[in-house]
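*Asks:* Please see the structure below; I have some questions.
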2 protein chains.
Amino acid sequence: MSKPTPISGFPEWTPPQRMIEQYVLGRIRDTFELYGFAPLETRAVEPLDQLLRKGETSKEVYVLRRLQEDPGGPAGDDALGLHFDLTVPFARYVLENAGKLQFPFRRYQIQKVWRGERPQEGRYREFVQADIDIVDRDTLPAHYEAEMPLVIGDALRALPIPPVRIQVNNRKICEGFYRGVGLADPEAVLRAVDKLDKIGPEKVAALLAETAGASEAQAKACLALAEISAPDTSFADAVRALGVTDPLLDEGLDELVRVVETAAAHSPGLCVADLRIARGLDYYTGTVYETQLLGYERFGSVCSGGRYDNLASAGTTRFPGVGISIGVTRLLGLLFGADALSVSRSVPTCVLVALPTEEQRPACNRIADALRRRGIACEVSPSAAKFGKQIRYAERRGIPYVWFPGADGNPDEVKDIRSGEQAVAEPEHWAPPADDLRPVVS
Amino acid sequence: MSKPTPISGFPEWTPPQRMIEQYVLGRIRDTFELYGFAPLETRAVEPLDQLLRKGETSKEVYVLRRLQEDPGGPAGDDALGLHFDLTVPFARYVLENAGKLQFPFRRYQIQKVWRGERPQEGRYREFVQADIDIVDRDTLPAHYEAEMPLVIGDALRALPIPPVRIQVNNRKICEGFYRGVGLADPEAVLRAVDKLDKIGPEKVAALLAETAGASEAQAKACLALAEISAPDTSFADAVRALGVTDPLLDEGLDELVRVVETAAAHSPGLCVADLRIARGLDYYTGTVYETQLLGYERFGSVCSGGRYDNLASAGTTRFPGVGISIGVTRLLGLLFGADALSVSRSVPTCVLVALPTEEQRPACNRIADALRRRGIACEVSPSAAKFGKQIRYAERRGIPYVWFPGADGNPDEVKDIRSGEQAVAEPEHWAPPADDLRPVVS
């Protein structure tokens, strides 16, 4: 067989990197559970019509077919595609199981998603997302929008990564403000303002005139709003100083003030109100979130989300929600690329039990068994090679200890192969220092 | 939107079931790591030509295409399918990364796989497998074949499930024996004998005559071999009593004796030599494993694998291996169906912090924060409803404790809503009994 090559956009971590990823996912999960989110996993596939409800993402969907299926035959239940996020499957799950769920329903979901996009730095075709959402029936109190940054702040602070800044805005502020200045199509305005970072204020002004029918004064006002940014509630005064009034604008300001205040009480410096944050997806209706990893801003947001009111409804029952999603693969890809994460060894093994002769393998298995029963990860040596070779087996993997079974009535000994220290030990009693028990991520 | 319906073959667990699944996966992973297996995760997709190397599985593969792709265009890197097991991707990974890996390479891999099979009880189109494999370069010592049942025995014994029995055989015994009785096509014999449970000995004898050219005496000998089963090494005497000799047969008997002896020393009663076990896949060349959940035998094997010598090779370098795979979704599906697994509550939350008035939410957030910092999962009540309603919120989810913030200088109190006991408590010091800290699976 010729040597296989990687497939662009489908990253595969090495085992040590996977150890780091598991550590990161474990910490994220712990934080989500500390906030009472229950775990959920949905199937990887959704009916194509569900995935295509948002036209803008249609080009990214991977469609499935069974190899032996008649390609010209009826689609049947095989009109399936891989999910491209965890929000659409969650909305579907809520509708499907509404009768069995308790509302408000707090769930987290950590899974791979797939998008057929052109791969580039920080963009993958297969990647892991870690989502939390809170969904209620009919109405959802705004205080949940203030809770999201607390969870994300705690989750990301628990990781060995650079600090983050969560940028928040509220769609009601934008829509109310645009309405207040007399612009009738807030979505067109949002789409133009969303390009601010890419094309600059002058081109956005031109776009606003062209696509949203904005006058020069209106465009100027929209750009002035987008330039407001503050780490505290002073952003509200800055908005009011622009002299625009609208009831929806007021509602949005109150909600965003609460988000910023709640975050400041919990984690000073975590949240910044940044009124240029728009989020591409149409379905957001309240607070929106983006998250920058400090020092890695050019790679874009590593954690985004927002409030949505119209994602799921059945008859006259609506299920409004708010959610946020950590782009775990993007985060790890950035940090692996910068060599910013490491693990103390490349295998879970703490002790290699050396093998004096192949005949002693059953006795060595018993030693390993005794250690494992006490939670100490170990392997028995692959062969009864010279001890020097067995020690090199451990060294190459970063295994810190080698265990030498005693012979002729002598006791067993265990050697720290980093320091060379060797001491008498019993498998029923010896334990490594806590730092050596498991690989340490830093 | 009309109510969505489940998709046959794509199971979705409820959040409490997912809590059980996470517990089960966590215990399996812990055991794998205690044996020094390093984690690996491969991408969900493989090139179609890799997946189709074994013709027999071709009908099960899900093929991917991007929705906007030209269906008549060149296949390019989009001739991709979802993996149907974790062995084929692992073999490909080893070839791709052989230069970076340390051999023997011990890895575990816990992931979803997909097969476009017709769904039926215990068979899914999407399911989780938990695999371990040990791969070496050029040669792989047979003692690793004896290690597999130890790992699986420990992993499954750590779970709240019925006991298991691992049935072992060795392909060399079958092939050597068939050759010894003068049958030239051992694969045809294996395929016929593999049907023993389904069609019975008479039809197998007819099939042996038809497809393997067996005489009546030869067929009788093959059936006699298949009937041998023993929980100890007496199986080897029973085989020898059949009077057939062949060097490969002797090699296989020695290896299987070692597997059975090693397992008996570690876990008496765990392993049974059962010489009718064949395993469908062509690539096995030594020990093969199947595993019955006692009381659920009719559902088939929940954990299978074997030794393979020819799955991966690059030029003149071969990578022989041995592996075994726990069918986690099948196992859980059986046990969920029999209501044999439960969890003590339906959310991770241990404490609901009651909310006297909405104005006190910041103070209640601080209480929750203090509890969380000490590892106690909690939520603040969704609204300042009457306390009776807030308690019902906790009751419906199985949350054991409700925390009442003190008013007018009175201290906080915490109530066990199962017993009704209520006591003064401080969020910086109070802790629940260990059994209540996290949901308990039983």
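Lettering and numbering for the structure tokens are positional, with chains as A, B, ... in the shown order, residues counted from 1 in each chain, and ligands counted from 1 in the shown order.
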Compile the contact shell of Asp136 in chain B as a PDB file with N, CA, C and O atoms, in the first residue's frame: residues with an atom at most 6 Å away, counting only C-alpha atoms, same-chain residues fewer than 2 positions apart removed.

*Replies:*
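That gives us part06.pdb:
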ATOM      1  N   PHE B 103       7.140   2.082  18.462  1.00  0.00           N
ATOM      2  CA  PHE B 103       6.578   0.732  18.417  1.00  0.00           C
ATOM      3  C   PHE B 103       7.188  -0.121  19.517  1.00  0.00           C
ATOM      4  O   PHE B 103       8.368   0.033  19.806  1.00  0.00           O
ATOM      5  N   PRO B 104       6.442  -1.085  20.091  1.00  0.00           N
ATOM      6  CA  PRO B 104       5.021  -1.327  19.884  1.00  0.00           C
ATOM      7  C   PRO B 104       4.178  -0.122  20.311  1.00  0.00           C
ATOM      8  O   PRO B 104       4.480   0.517  21.303  1.00  0.00           O
ATOM      9  N   LEU B 140       5.039  -9.198  16.099  1.00  0.00           N
ATOM     10  CA  LEU B 140       4.294  -8.836  17.317  1.00  0.00           C
ATOM     11  C   LEU B 140       4.273 -10.069  18.213  1.00  0.00           C
ATOM     12  O   LEU B 140       3.722 -11.102  17.830  1.00  0.00           O
ATOM     13  N   PHE B 319       3.081  -4.242   9.703  1.00  0.00           N
ATOM     14  CA  PHE B 319       2.690  -3.777  11.026  1.00  0.00           C
ATOM     15  C   PHE B 319       1.633  -4.716  11.583  1.00  0.00           C
ATOM     16  O   PHE B 319       0.442  -4.433  11.493  1.00  0.00           O
ATOM     17  N   PRO B 320       2.061  -5.870  12.149  1.00  0.00           N
ATOM     18  CA  PRO B 320       1.073  -6.792  12.720  1.00  0.00           C
ATOM     19  C   PRO B 320       0.490  -6.213  14.002  1.00  0.00           C
ATOM     20  O   PRO B 320       1.162  -5.437  14.699  1.00  0.00           O
TER      21      PRO B 320
END

*Asks:* Compute the set of chain B residues within 7 Å of chain A, using only C-alpha atoms, and express it as number ranges by chain.

*Replies:* B: 1-5, 10-12, 15, 18-19, 33-43, 59-68, 92, 95-96, 116, 313-314, 347-349, 372, 375-379

*Asks:* Among range 17-48 of chain B, which residues carry a DSSP assignment of helix (DSSP H, G or I), reported as a PDB file with N, CA and C atoms, in the first residue's frame?

*Replies:*
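Listed below is the output, states11.pdb:
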ATOM      1  N   GLN B  17     -29.717   9.250  30.185  1.00  0.00           N
ATOM      2  CA  GLN B  17     -29.014   8.133  29.529  1.00  0.00           C
ATOM      3  C   GLN B  17     -27.624   8.562  29.065  1.00  0.00           C
ATOM      4  N   ARG B  18     -27.533   9.789  28.595  1.00  0.00           N
ATOM      5  CA  ARG B  18     -26.220  10.293  28.168  1.00  0.00           C
ATOM      6  C   ARG B  18     -25.282  10.401  29.375  1.00  0.00           C
ATOM      7  N   MET B  19     -25.820  10.751  30.543  1.00  0.00           N
ATOM      8  CA  MET B  19     -24.991  10.768  31.753  1.00  0.00           C
ATOM      9  C   MET B  19     -24.447   9.365  32.023  1.00  0.00           C
ATOM     10  N   ILE B  20     -25.299   8.360  31.845  1.00  0.00           N
ATOM     11  CA  ILE B  20     -24.858   6.978  32.043  1.00  0.00           C
ATOM     12  C   ILE B  20     -23.795   6.613  31.005  1.00  0.00           C
ATOM     13  N   GLU B  21     -24.044   6.994  29.750  1.00  0.00           N
ATOM     14  CA  GLU B  21     -23.070   6.685  28.701  1.00  0.00           C
ATOM     15  C   GLU B  21     -21.717   7.343  29.007  1.00  0.00           C
ATOM     16  N   GLN B  22     -21.743   8.599  29.438  1.00  0.00           N
ATOM     17  CA  GLN B  22     -20.483   9.274  29.766  1.00  0.00           C
ATOM     18  C   GLN B  22     -19.770   8.574  30.910  1.00  0.00           C
ATOM     19  N   TYR B  23     -20.546   8.121  31.885  1.00  0.00           N
ATOM     20  CA  TYR B  23     -19.949   7.383  33.002  1.00  0.00           C
ATOM     21  C   TYR B  23     -19.281   6.108  32.480  1.00  0.00           C
ATOM     22  N   VAL B  24     -20.005   5.379  31.648  1.00  0.00           N
ATOM     23  CA  VAL B  24     -19.487   4.122  31.093  1.00  0.00           C
ATOM     24  C   VAL B  24     -18.228   4.380  30.263  1.00  0.00           C
ATOM     25  N   LEU B  25     -18.275   5.393  29.400  1.00  0.00           N
ATOM     26  CA  LEU B  25     -17.100   5.704  28.575  1.00  0.00           C
ATOM     27  C   LEU B  25     -15.924   6.136  29.443  1.00  0.00           C
ATOM     28  N   GLY B  26     -16.213   6.869  30.516  1.00  0.00           N
ATOM     29  CA  GLY B  26     -15.150   7.309  31.418  1.00  0.00           C
ATOM     30  C   GLY B  26     -14.469   6.131  32.105  1.00  0.00           C
ATOM     31  N   ARG B  27     -15.271   5.156  32.547  1.00  0.00           N
ATOM     32  CA  ARG B  27     -14.680   3.990  33.198  1.00  0.00           C
ATOM     33  C   ARG B  27     -13.866   3.156  32.206  1.00  0.00           C
ATOM     34  N   ILE B  28     -14.393   2.998  31.005  1.00  0.00           N
ATOM     35  CA  ILE B  28     -13.659   2.241  29.978  1.00  0.00           C
ATOM     36  C   ILE B  28     -12.318   2.917  29.693  1.00  0.00           C
ATOM     37  N   ARG B  29     -12.378   4.228  29.519  1.00  0.00           N
ATOM     38  CA  ARG B  29     -11.163   4.999  29.246  1.00  0.00           C
ATOM     39  C   ARG B  29     -10.162   4.874  30.395  1.00  0.00           C
ATOM     40  N   ASP B  30     -10.649   4.962  31.637  1.00  0.00           N
ATOM     41  CA  ASP B  30      -9.749   4.825  32.785  1.00  0.00           C
ATOM     42  C   ASP B  30      -9.018   3.482  32.741  1.00  0.00           C
ATOM     43  N   THR B  31      -9.774   2.417  32.439  1.00  0.00           N
ATOM     44  CA  THR B  31      -9.133   1.095  32.400  1.00  0.00           C
ATOM     45  C   THR B  31      -8.112   1.025  31.269  1.00  0.00           C
ATOM     46  N   PHE B  32      -8.477   1.518  30.099  1.00  0.00           N
ATOM     47  CA  PHE B  32      -7.532   1.505  28.979  1.00  0.00           C
ATOM     48  C   PHE B  32      -6.241   2.240  29.367  1.00  0.00           C
ATOM     49  N   GLU B  33      -6.380   3.374  30.044  1.00  0.00           N
ATOM     50  CA  GLU B  33      -5.189   4.151  30.411  1.00  0.00           C
ATOM     51  C   GLU B  33      -4.379   3.449  31.497  1.00  0.00           C
ATOM     52  N   LEU B  34      -5.062   2.720  32.407  1.00  0.00           N
ATOM     53  CA  LEU B  34      -4.327   1.955  33.425  1.00  0.00           C
ATOM     54  C   LEU B  34      -3.413   0.924  32.775  1.00  0.00           C
ATOM     55  N   LEU B  48     -12.408   6.589  -0.073  1.00  0.00           N
ATOM     56  CA  LEU B  48     -13.275   5.460  -0.380  1.00  0.00           C
ATOM     57  C   LEU B  48     -12.487   4.198  -0.726  1.00  0.00           C
TER      58      LEU B  48
END

*Asks:* Please, which residues of range 106-288 of chain A, numbered as in this document, come out strand (DSSP E or B) from DSSP, as a PyMOL selection string?

*Replies:* chain A and resi 106-114+120+123+126-135+164-170+229-230+271-274+284-288

*Asks:* B:Pro400, B:Pro119, B:Gly306, B:Ala226: which is nearest Pro433 in chain B, counting only C-alpha atoms?

*Replies:*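 Closest to Pro433 in chain B of all the choices is B:Pro400.
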
*Asks:* Using only C-alpha atoms, which residues sit within 6 Å of range 272-280 of chain A once same-chain residues fewer than 4 positions away are excluded, as a PyMOL selection string?

*Replies:* chain A and resi 167-169+194+226+228-231

*Asks:* What separation in Å, quoted to one decimal, exists between CA of Leu293 in chain A and CA of Val135 in chain A?

*Replies:*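 Atom-to-atom, CA of Leu293 in chain A to CA of Val135 in chain A, that is 27.6 Å.
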